There are 2 protein chains.
Amino acid sequence: MADQPCSVAILGLGMIGGSLALALKASGFARRVLAWDRDPQALATGLDAGVIDEACADLDAALAADIAVVAVPNVAAAGLLEDLLARTAHAHDGPVLTDVASVKGNLAAVATAGGPAPRYVPGHPIAGSERSGVAAANPGLFARHRVILTPLPAQDADALALVTRLWESVGAEVLCMAVAEHDAVLAATSHLPHVLAYCLVDDLAASPRRDDLFRFAAGGFRDFTRIASSDPVMWRDVALANREALLEAVDEFSARLALLREAIAAGDGARLEATFSAAKAARDAFAEREARRRQS
Amino acid sequence: MADQPCSVAILGLGMIGGSLALALKASGFARRVLAWDRDPQALATGLDAGVIDEACADLDAALAADIAVVAVPNVAAAGLLEDLLARTAHAHDGPVLTDVASVKGNLAAVATAGGPAPRYVPGHPIAGSERSGVAAANPGLFARHRVILTPLPAQDADALALVTRLWESVGAEVLCMAVAEHDAVLAATSHLPHVLAYCLVDDLAASPRRDDLFRFAAGGFRDFTRIASSDPVMWRDVALANREALLEAVDEFSARLALLREAIAAGDGARLEATFSAAKAARDAFAEREARRRQS
């Protein structure tokens, strides 16, 4: 297989799967992109829009590809991976398997339950959009973004190298991380903010003055809540799959919010200013690094 | 004064005051923009950049203008307003007074403490930026944005009309609201999100894995925390000035977050999906209305 173009099967043709399909064809990494989805409409849309080359009638047809990418929400991904492992002698035969799910712990548990799954390489592109569905596919989605791979015990080195090349071909920077570390980092920086944004909008929508609230909400609110427009099923699955790490992140946040509440109630301006200043410094530094990285 | 161009004094030359100065000169509403600031450097920068026409050595010089706009953070604004009321026979004489502060309750209390202050018109442009300082002034800041005025008892109708024209001249839509209603709406849609964003970034910055957290934070995090780059002194003052309404908003949010936490802990996918879906629907509707309003 080496450096020749591969055939790639996308299992679950939504926004992420569709974006990867377009990006892999544009980069030349994929000679041919197949797709499987339980929703025939997604496949039809993908074919019509030229996002994929072939719609597979069943999973076995998709497993004829060199690489199969699981691109369904996190809980469904676990079930699908179980099925794929059964069809590939626990990832010893068949295509290299990988996925794009936001939580790695539940998939690693499935993969290692029956011994090593050497040709399954868990992956997570740190890129997304509040838009969903294959019609929102964007071939530039992964350029200059990071992809985290969480190799498992007895990981096949060639499989790891192939998945690395796949992501590098679409402009992403690939890093490896332990499963538990990945899930804790993502819980704090992504899953918790989504829960908070959903929670705030739900809170306002339930208010008796909801019309005035949304009428006078401005740009800060718009950006803060952008991620509350994300796919509810995907984020339900993330919350379920990363339960332990997410609960820990929610509890840490709640404890810190209680401290801030105390400072507000006490009229403790010095403490409020110190907290806000520390946060601003950290956030400004983050934004500067991000801007540099995107330009480099 | 009527429809002729006015002279306007900006008291506190930061990002908002500077933006208003530029916008009022561009619209032709202001014949001449004066400014007073306790920081001579801000005045020098404003003069050099052509943001203002004249730097006032003291408040009395600024009170020669037709309109004086208090544009300092909320707690300082209360002190400055007290001083201005003393110099203008409690807003019976001298220029029309207004302000741009994000909380109206503390200013209304100062203004009404000694009887009516007929020519003081409390105002709040619902526009901002995480940038601060006069160098960040932007003449388009208020176009297609809303300005809330909260008229006080015995409000002078001419003063109210003049402040309304001032904001309309820079492209803003002016609405009136009661003081308490304003502070409750803004607590929920603006002050609470700022506290949550500051809180999240502060939480992450205090973590032992802070480097990895900020390294793998992505676009969702960037937008969610943009407002945590806002001016800490301004937001300290907002939290202090709007304490009661903000505490109520924090408590409502915390109660709702506790419910979501419960659903996550119980693995209650149906409840999570229902909450996330309701939030997405409300947020999508808000975003659509906003987009239409900006285009109209």
# chains A, B, ... in the order shown; residues from 1 in each chain; ligands from 1

$ interface_residues --of "chain A" --to "chain B" --cutoff "7 Å" --atoms "only C-alpha atoms" --output "compact mmCIF listing (two decimals) with C-alpha atoms, in the first residue's frame"
# COMPACT_ATOMS: atom_id res chain seq x y z
CA ILE A 126 -9.79 18.46 16.78
CA ALA A 127 -11.95 20.21 14.23
CA VAL A 185 -8.17 17.08 28.18
CA THR A 189 -11.65 22.06 26.79
CA SER A 190 -14.50 20.84 24.60
CA PRO A 193 -17.91 24.12 27.20
CA TYR A 198 -26.33 24.14 25.99
CA CYS A 199 -27.14 24.73 29.65
CA LEU A 200 -27.13 28.53 29.35
CA VAL A 201 -29.35 28.59 26.26
CA ASP A 202 -31.72 26.05 27.82
CA ASP A 203 -31.83 28.18 30.97
CA ALA A 205 -35.26 29.51 26.82
CA LEU A 213 -33.66 37.78 26.67
CA PHE A 214 -33.03 36.60 23.13
CA ALA A 217 -28.62 39.21 23.47
CA ALA A 218 -25.62 40.51 21.56
CA GLY A 220 -20.78 38.09 23.15
CA PHE A 221 -23.77 35.81 23.65
CA ASP A 223 -20.13 33.59 20.12
CA PHE A 224 -20.44 32.08 23.60
CA THR A 225 -23.40 29.98 22.51
CA ILE A 227 -21.52 25.53 20.09
CA ALA A 228 -25.07 25.17 21.47
CA SER A 229 -26.14 24.93 17.82
CA SER A 230 -24.17 21.66 17.54
CA PRO A 232 -27.64 17.16 19.95
CA VAL A 233 -27.25 13.44 19.22
CA ARG A 236 -25.53 13.35 23.92
CA ALA A 239 -21.60 13.09 27.35
CA LEU A 240 -22.56 9.44 27.78
CA ARG A 243 -19.18 10.41 31.61
CA LEU A 247 -18.47 14.80 35.57
CA PHE A 253 -16.07 24.13 37.19
CA ARG A 256 -14.86 27.44 40.93
CA LEU A 257 -18.14 29.12 39.98
CA ARG A 261 -20.36 33.64 43.34
CA ILE A 264 -19.72 38.65 43.89
CA ALA A 265 -21.98 38.26 46.93
CA GLY A 267 -18.66 42.59 46.84
CA GLY A 269 -13.78 43.58 43.86
CA LEU A 272 -13.09 39.43 41.05
CA GLU A 273 -10.48 41.56 39.31
CA THR A 275 -9.74 36.15 38.71
CA PHE A 276 -10.86 38.04 35.60
CA SER A 277 -7.30 39.30 34.99
CA ALA A 278 -5.77 35.82 35.31
CA ALA A 279 -8.39 34.45 32.92
CA LYS A 280 -7.85 37.26 30.43
CA ALA A 282 -4.48 32.96 29.85
CA ARG A 283 -7.08 33.50 27.14
CA ASP A 284 -5.06 36.23 25.39
CA PHE A 286 -4.07 31.10 23.94

$ residues_around --residues "A:Leu80" --least-positions-apart "5" --cutoff "10 Å" --atoms "only C-alpha atoms" --output "number ranges by chain"
A: 11-12, 59, 70-72, 74-75, 85-86, 107

$ write_last_selection --atoms "N, CA and C atoms" --output "tab-separated table (two decimals), in the first residue's frame"
chain	number	residue	atom	x	y	z
A	11	LEU	N	-17.53	5.26	7.09
A	11	LEU	CA	-18.67	4.57	7.68
A	11	LEU	C	-19.46	5.57	8.52
A	12	GLY	N	-20.49	6.13	7.94
A	12	GLY	CA	-21.27	7.20	8.58
A	12	GLY	C	-20.95	8.50	7.86
A	59	LEU	N	-21.83	-3.39	5.10
A	59	LEU	CA	-20.52	-3.16	5.69
A	59	LEU	C	-19.43	-3.98	5.00
A	70	VAL	N	-14.54	4.99	10.87
A	70	VAL	CA	-15.82	5.06	11.57
A	70	VAL	C	-16.11	6.52	11.88
A	71	ALA	N	-17.21	7.04	11.36
A	71	ALA	CA	-17.51	8.48	11.52
A	71	ALA	C	-18.95	8.69	11.95
A	72	VAL	N	-19.39	7.88	12.93
A	72	VAL	CA	-20.73	8.05	13.51
A	72	VAL	C	-20.55	8.53	14.94
A	74	ASN	N	-20.47	8.92	19.03
A	74	ASN	CA	-19.65	8.10	19.90
A	74	ASN	C	-20.25	6.77	20.39
A	75	VAL	N	-21.52	6.77	20.74
A	75	VAL	CA	-22.13	5.54	21.25
A	75	VAL	C	-22.38	4.56	20.10
A	85	LEU	N	-14.93	-5.35	14.28
A	85	LEU	CA	-13.92	-6.24	14.87
A	85	LEU	C	-14.31	-7.70	14.64
A	86	ALA	N	-15.61	-7.97	14.74
A	86	ALA	CA	-16.09	-9.34	14.51
A	86	ALA	C	-15.86	-9.76	13.06
A	107	LEU	N	-14.31	3.45	23.09
A	107	LEU	CA	-13.90	2.68	21.92
A	107	LEU	C	-12.69	1.81	22.25

$ select_by_dssp --residues "stretch 167-264 of chain B" --states "alpha helix (DSSP H)" --output "ChimeraX atom specification"
/B:167-169,179-186,192-205,210-216,219-224,232-241,243-264

$ residues_around --residues "A:Leu152" --least-positions-apart "6" --cutoff "12 Å" --atoms "only C-alpha atoms" --output "list in words"
Thr98, Lys104, Gly105, Leu107, Ala108, Ala109, Val110, Ala111, Thr112, Ala113, Gly115, Pro116, Ala117, Pro118, Arg119, Tyr120, Val121, Pro122, Gly123, Ala159, Leu160, Cys176, Met177, Ala178, Val179 and Ala180 of chain A

$ atom_distance --atom1 "atom CA of A:Ser19" --atom2 "atom CA of A:Thr88"
26.1 Å

$ closest_residue --among "A:Gln155, A:Ser132, A:Gln295, A:Ser7" --to "A:Val69" --atoms "only C-alpha atoms"
A:Ser7

$ atom_distance --atom1 "atom CA of A:Asp183" --atom2 "atom CA of A:Ile16"
19.3 Å

$ select_by_dssp --residues "stretch 168-211 of chain A" --states "strand (DSSP E or B)" --output "VMD selection string"
chain A and resid 173 to 176

$ atom_distance --atom1 "atom CA of A:Ala135" --atom2 "atom CA of A:Ile52"
12.0 Å

$ residues_around --residues "A:Pro40" --least-positions-apart "5" --cutoff "10 Å" --atoms "only C-alpha atoms" --output "ChimeraX atom specification"
/A:13,45-46,55-57
